[in-house]
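**Student:** One structure follows; several queries about it will come next.
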There are 2 protein chains.
Amino acid sequence: MSITERKERDKKEMRQAILDAALHLFREKGYDAVSIRNIAEAIEYSPATIYLYFKDKNDIFFALQYEAAAVKRDHLLPVATIVDPWERLVEFGRRYIDFGMKHPGLYDLLVIIRAPMESLETQECWALGLSVHQFFEDTVQACVDARYFKSTDSKTIAYTLWCHAHGLVSLFVRDRMRMYPPEEREEMARKSFAMLLKMAEHL
Amino acid sequence: MSITERKERDKKEMRQAILDAALHLFREKGYDAVSIRNIAEAIEYSPATIYLYFKDKNDIFFALQYEAAAVKRDHLLPVATIVDPWERLVEFGRRYIDFGMKHPGLYDLLVIIRAPMESLETQECWALGLSVHQFFEDTVQACVDARYFKSTDSKTIAYTLWCHAHGLVSLFVRDRMRMYPPEEREEMARKSFAMLLKMAEHL
DNA sequence: GCATCTACTGAACACTGTTCATTATCTTTG
DNA sequence: CAAAGATAATGAACAGTGTTCAGTAGATGC
């Protein structure tokens with residue numbers, strides 16, 4: 001069976017080569033500015049070949065979105081080993097922001113919507129994101145159970161923290177902080193995170 | 001001079017007709033899914049005609065972005081009459097969120113970046129947004145001056161509040177709240193805003 | 001060695017943004 | 001009122017796009 005095995009390996013490698021080239025180009029020029037022909041040229045194959053591995057251009061996009069979601073999960077889930085729920089929550093937040101600042105391209109990818117939840121890839125990607133979100137909500141619930149907050153409305157607490165973190169990252173990623181000097185932006189993010197933690201103690 | 005006047009009026013009307021048709025189509029199908037030919041068809045003119053009124057497709061986009069920024073400003077700036085800085089700030093926040101929820105298409109438009117600050121439209125649009133942001137920061141400063149917060153770091157305070165509001169709106173606008181039932185989403189936003197206000201009192 | 005199957009491609013189709021020479025219409029002048 | 005000039009609108013074209021499909025070269029199985 002080594003031949004069929006090799007063939008399958010080749011197929012996966014080709015698929016990955018397309019994804020790698022596509023991600024590289026997307027991050028450089030943006031999704032819509034990259035053509036199938038550009039990707040084909042990058043991997044030195046004909047445009048038609050790409051359609052043997054992906055249904056269409058959106059399919060490539062969804063595959064990348066899934067990859068980004070996986071990277072995000074791998075970046076966040078290690079905090080699961082932290083026993084104390086408050087410490088776990090803090091570290092989760094820190095890593096969430098860290099992920100966004102380190103991989104603005106991936107974060108942006110995750111927030112773009114294309115064609116309302118049609119493809120299987122989207123479903124899978126969504127399911128992955130959902131499980132991470134569930135972990136986050138569980139951690140908040142654990143904090144509530146351990147009386148770390150005065151409020152017991154863990155749903156609203158989680159949502160509020162999420163708003164802050166997502167807002168912070170997405171202002172950064174979408175370049176909405178041009179009124180602050182570039183070298184200050186990261187420190188502002190750190191300060192704001194620290195401020196939110198202080199505020200959260202009075203929740 | 002009534003003829004030249006009428007001509008200028010016609011020109012403005014035509015320009016506006018193009019913008020109206022474009023906004024309608026963009027909000028319905030997204031920027032990239034709308035073609036110049038679609039817009040031309042909507043206003044019942046030839047595609048080439050559009051280029052007599054706009055440099056290119058991006059120019060239309062920037063004009064719409066400017067319009068959205070103006071709508072946002074008109075939605076927010078009435079709070080300037082509120083004398084008490086804290087009340088002014090609260091009402092500003094409420095209206096900011098209200099604007100985003102009521103006009104998701106416009107909010108989204110404002111957050112999209114196309115071609116890094118090239119056109120004059122962008123500059124104008126950015127300047128408009130900046131002045132509103134300045135008003136917001138001034139209001140926060142006024143709150144600090146009036147000892148509404150323990151902290152005196154008005155810059156970080158403003159940024160933190162902004163993160164929350166923008167995060168809240170953009171999670172809503174970009175449909176990242178699919179894990180919550182649709183009918184709950186607005187209430188969650190309200191609750192979270194209230195929670196942030198409570199937290200801010202301990203700032 | 002031959003048939004089958006697989007991976008790949010060139011050419012085509014209908015679309016896109018954009019330009020430009022040409023036409024049609026309105027305004028001004030003689 | 002007619003001719004000249006200015007202006008507005010367009011059809012046709014160009015190079016690019018996503019996508020499909022008949023056809024081909026080469027590896028695989030018998």
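Going through the structure tokens in order, the chains are called A, B, and so on, while each chain numbers its residues from 1 and the ligands are numbered from 1 in the order shown.
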For chain D, work out the contacting residues on chain A at 9 Å, counting only C-alpha atoms (C1' of nucleotides), and write them as an MDAnalysis selection string.
**Tutor:** chainID A and resid 35:37 48 51 56:57
**Student:** With chain B as the partner and 8 Å as the cut-off, tabulate the residues of chain A that qualify, each row holding the nearest pair of atoms and their distance in Å to one decimal, using only C-alpha atoms, sorted by chain and rising number, as JSON lines.
**Tutor:**
{"residue": "A:Asp32", "atom": "CA", "partner": "B:Asp32", "partner_atom": "CA", "distance": 7.6}
{"residue": "A:Val111", "atom": "CA", "partner": "B:Arg174", "partner_atom": "CA", "distance": 7.0}
{"residue": "A:Ile112", "atom": "CA", "partner": "B:Arg174", "partner_atom": "CA", "distance": 7.5}
{"residue": "A:Ile113", "atom": "CA", "partner": "B:Arg174", "partner_atom": "CA", "distance": 7.2}
{"residue": "A:Leu130", "atom": "CA", "partner": "B:Met179", "partner_atom": "CA", "distance": 7.7}
{"residue": "A:Thr156", "atom": "CA", "partner": "B:Ser192", "partner_atom": "CA", "distance": 5.9}
{"residue": "A:Ile157", "atom": "CA", "partner": "B:Ser192", "partner_atom": "CA", "distance": 7.5}
{"residue": "A:Tyr159", "atom": "CA", "partner": "B:Ser192", "partner_atom": "CA", "distance": 7.1}
{"residue": "A:Thr160", "atom": "CA", "partner": "B:Ser192", "partner_atom": "CA", "distance": 5.4}
{"residue": "A:Trp162", "atom": "CA", "partner": "B:Gly167", "partner_atom": "CA", "distance": 7.8}
{"residue": "A:Cys163", "atom": "CA", "partner": "B:Gly167", "partner_atom": "CA", "distance": 4.4}
{"residue": "A:His164", "atom": "CA", "partner": "B:His164", "partner_atom": "CA", "distance": 4.2}
{"residue": "A:Ala165", "atom": "CA", "partner": "B:Gly167", "partner_atom": "CA", "distance": 7.4}
{"residue": "A:His166", "atom": "CA", "partner": "B:Gly167", "partner_atom": "CA", "distance": 5.3}
{"residue": "A:Gly167", "atom": "CA", "partner": "B:Gly167", "partner_atom": "CA", "distance": 3.4}
{"residue": "A:Leu168", "atom": "CA", "partner": "B:Cys163", "partner_atom": "CA", "distance": 4.9}
{"residue": "A:Ser170", "atom": "CA", "partner": "B:Gly167", "partner_atom": "CA", "distance": 7.5}
{"residue": "A:Leu171", "atom": "CA", "partner": "B:Cys163", "partner_atom": "CA", "distance": 7.4}
{"residue": "A:Arg174", "atom": "CA", "partner": "B:Val111", "partner_atom": "CA", "distance": 7.0}
{"residue": "A:Arg176", "atom": "CA", "partner": "B:Val111", "partner_atom": "CA", "distance": 7.7}
{"residue": "A:Met179", "atom": "CA", "partner": "B:Leu130", "partner_atom": "CA", "distance": 7.7}
{"residue": "A:Met188", "atom": "CA", "partner": "B:Thr156", "partner_atom": "CA", "distance": 6.7}
{"residue": "A:Lys191", "atom": "CA", "partner": "B:Thr156", "partner_atom": "CA", "distance": 6.8}
{"residue": "A:Ser192", "atom": "CA", "partner": "B:Thr160", "partner_atom": "CA", "distance": 5.4}
{"residue": "A:Phe193", "atom": "CA", "partner": "B:Thr160", "partner_atom": "CA", "distance": 8.0}
{"residue": "A:Met195", "atom": "CA", "partner": "B:Thr160", "partner_atom": "CA", "distance": 7.7}
{"residue": "A:Leu196", "atom": "CA", "partner": "B:Thr160", "partner_atom": "CA", "distance": 7.4}
{"residue": "A:Lys198", "atom": "CA", "partner": "B:Leu203", "partner_atom": "CA", "distance": 8.0}
{"residue": "A:Met199", "atom": "CA", "partner": "B:Met199", "partner_atom": "CA", "distance": 5.5}
{"residue": "A:Ala200", "atom": "CA", "partner": "B:Met199", "partner_atom": "CA", "distance": 7.0}
{"residue": "A:His202", "atom": "CA", "partner": "B:Met199", "partner_atom": "CA", "distance": 6.6}
{"residue": "A:Leu203", "atom": "CA", "partner": "B:Met199", "partner_atom": "CA", "distance": 6.4}
**Student:** Run DSSP on the backbone and grab whatever in chain B lands in helix (DSSP H, G or I); send it over as number ranges by chain.
**Tutor:** B: 2-29, 31-33, 36-42, 47-50, 57-81, 85-102, 104-111, 120-145, 154-173, 182-201
**Student:** Write out as a list in words which residues come within 9 Å of Phe92 (chain A) when counting only C-alpha atoms (C1' of nucleotides), dropping same-chain ones fewer than 2 positions away.
**Tutor:** Leu76, Leu77, Pro78, Val79, Ala80, Glu87, Arg88, Leu89, Val90, Arg94, Arg95, Tyr96, Ile97 and Phe136 of chain A
**Student:** With C-alpha atoms retained, export the selected residues as a PDB file, in the first residue's frame.
**Tutor:**
ATOM      1  CA  LEU A  76      -5.053  29.628  24.279  1.00  0.00           C
ATOM      2  CA  LEU A  77      -5.813  26.152  25.588  1.00  0.00           C
ATOM      3  CA  PRO A  78      -2.532  25.554  27.465  1.00  0.00           C
ATOM      4  CA  VAL A  79      -3.990  27.732  30.219  1.00  0.00           C
ATOM      5  CA  ALA A  80      -6.361  24.868  31.004  1.00  0.00           C
ATOM      6  CA  GLU A  87      -5.380  33.110  37.356  1.00  0.00           C
ATOM      7  CA  ARG A  88      -6.603  30.949  34.502  1.00  0.00           C
ATOM      8  CA  LEU A  89      -8.950  33.700  33.355  1.00  0.00           C
ATOM      9  CA  VAL A  90      -6.257  36.367  33.538  1.00  0.00           C
ATOM     10  CA  ARG A  94      -3.444  37.903  28.238  1.00  0.00           C
ATOM     11  CA  ARG A  95      -2.967  35.170  25.675  1.00  0.00           C
ATOM     12  CA  TYR A  96      -6.062  36.170  23.726  1.00  0.00           C
ATOM     13  CA  ILE A  97      -4.692  39.673  23.284  1.00  0.00           C
ATOM     14  CA  PHE A 136     -13.744  30.781  28.389  1.00  0.00           C
TER      15      PHE A 136
END
**Student:** Taking only residues of chain A that have an atom at most 9 Å from an atom of chain C, what is each one's shortest atom pair and its distance in Å to one decimal, using only C-alpha atoms (C1' of nucleotides), in chain and number order, as JSON lines?
**Tutor:**
{"residue": "A:Tyr45", "atom": "CA", "partner": "C:DC8", "partner_atom": "C1'", "distance": 8.6}
{"residue": "A:Ser46", "atom": "CA", "partner": "C:DT9", "partner_atom": "C1'", "distance": 6.4}
{"residue": "A:Pro47", "atom": "CA", "partner": "C:DT9", "partner_atom": "C1'", "distance": 8.6}
{"residue": "A:Ala48", "atom": "CA", "partner": "C:DT9", "partner_atom": "C1'", "distance": 7.1}
{"residue": "A:Thr49", "atom": "CA", "partner": "C:DC8", "partner_atom": "C1'", "distance": 6.4}
{"residue": "A:Leu52", "atom": "CA", "partner": "C:DA7", "partner_atom": "C1'", "distance": 8.9}
**Student:** Would you save the residues from that selection as a PDB file, in the first residue's frame, using all heavy atoms?
**Tutor:**
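Output contents, as saved in result_11.pdb:
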ATOM      1  N   TYR A  45       1.982  25.993 -10.839  1.00  0.00           N
ATOM      2  CA  TYR A  45       1.049  25.074 -11.489  1.00  0.00           C
ATOM      3  C   TYR A  45       0.040  25.902 -12.285  1.00  0.00           C
ATOM      4  O   TYR A  45      -0.023  27.130 -12.139  1.00  0.00           O
ATOM      5  CB  TYR A  45       0.314  24.224 -10.451  1.00  0.00           C
ATOM      6  CG  TYR A  45       1.105  23.021  -9.997  1.00  0.00           C
ATOM      7  CD1 TYR A  45       2.044  23.128  -8.988  1.00  0.00           C
ATOM      8  CD2 TYR A  45       0.894  21.780 -10.596  1.00  0.00           C
ATOM      9  CE1 TYR A  45       2.775  22.018  -8.573  1.00  0.00           C
ATOM     10  CE2 TYR A  45       1.614  20.668 -10.183  1.00  0.00           C
ATOM     11  CZ  TYR A  45       2.552  20.795  -9.176  1.00  0.00           C
ATOM     12  OH  TYR A  45       3.263  19.697  -8.772  1.00  0.00           O
ATOM     13  N   SER A  46      -0.727  25.213 -13.085  1.00  0.00           N
ATOM     14  CA  SER A  46      -1.765  25.915 -13.832  1.00  0.00           C
ATOM     15  C   SER A  46      -2.944  26.235 -12.910  1.00  0.00           C
ATOM     16  O   SER A  46      -3.211  25.506 -11.957  1.00  0.00           O
ATOM     17  CB  SER A  46      -2.221  25.054 -15.003  1.00  0.00           C
ATOM     18  OG  SER A  46      -3.614  24.870 -14.986  1.00  0.00           O
ATOM     19  N   PRO A  47      -3.660  27.328 -13.200  1.00  0.00           N
ATOM     20  CA  PRO A  47      -4.816  27.716 -12.372  1.00  0.00           C
ATOM     21  C   PRO A  47      -5.815  26.573 -12.217  1.00  0.00           C
ATOM     22  O   PRO A  47      -6.378  26.373 -11.129  1.00  0.00           O
ATOM     23  CB  PRO A  47      -5.431  28.874 -13.151  1.00  0.00           C
ATOM     24  CG  PRO A  47      -4.328  29.434 -13.961  1.00  0.00           C
ATOM     25  CD  PRO A  47      -3.408  28.294 -14.282  1.00  0.00           C
ATOM     26  N   ALA A  48      -6.033  25.846 -13.297  1.00  0.00           N
ATOM     27  CA  ALA A  48      -7.039  24.772 -13.262  1.00  0.00           C
ATOM     28  C   ALA A  48      -6.703  23.714 -12.212  1.00  0.00           C
ATOM     29  O   ALA A  48      -7.592  23.090 -11.637  1.00  0.00           O
ATOM     30  CB  ALA A  48      -7.171  24.146 -14.640  1.00  0.00           C
ATOM     31  N   THR A  49      -5.406  23.516 -11.965  1.00  0.00           N
ATOM     32  CA  THR A  49      -4.983  22.496 -10.992  1.00  0.00           C
ATOM     33  C   THR A  49      -5.557  22.762  -9.606  1.00  0.00           C
ATOM     34  O   THR A  49      -5.940  21.828  -8.890  1.00  0.00           O
ATOM     35  CB  THR A  49      -3.446  22.469 -10.916  1.00  0.00           C
ATOM     36  OG1 THR A  49      -2.931  22.236 -12.211  1.00  0.00           O
ATOM     37  CG2 THR A  49      -2.983  21.395  -9.963  1.00  0.00           C
ATOM     38  N   LEU A  52      -8.652  21.157  -8.542  1.00  0.00           N
ATOM     39  CA  LEU A  52      -8.645  19.727  -8.221  1.00  0.00           C
ATOM     40  C   LEU A  52      -8.533  19.523  -6.710  1.00  0.00           C
ATOM     41  O   LEU A  52      -8.849  18.462  -6.197  1.00  0.00           O
ATOM     42  CB  LEU A  52      -7.475  19.036  -8.923  1.00  0.00           C
ATOM     43  CG  LEU A  52      -7.476  19.126 -10.450  1.00  0.00           C
ATOM     44  CD1 LEU A  52      -6.198  18.498 -11.009  1.00  0.00           C
ATOM     45  CD2 LEU A  52      -8.708  18.464 -11.039  1.00  0.00           C
TER      46      LEU A  52
END
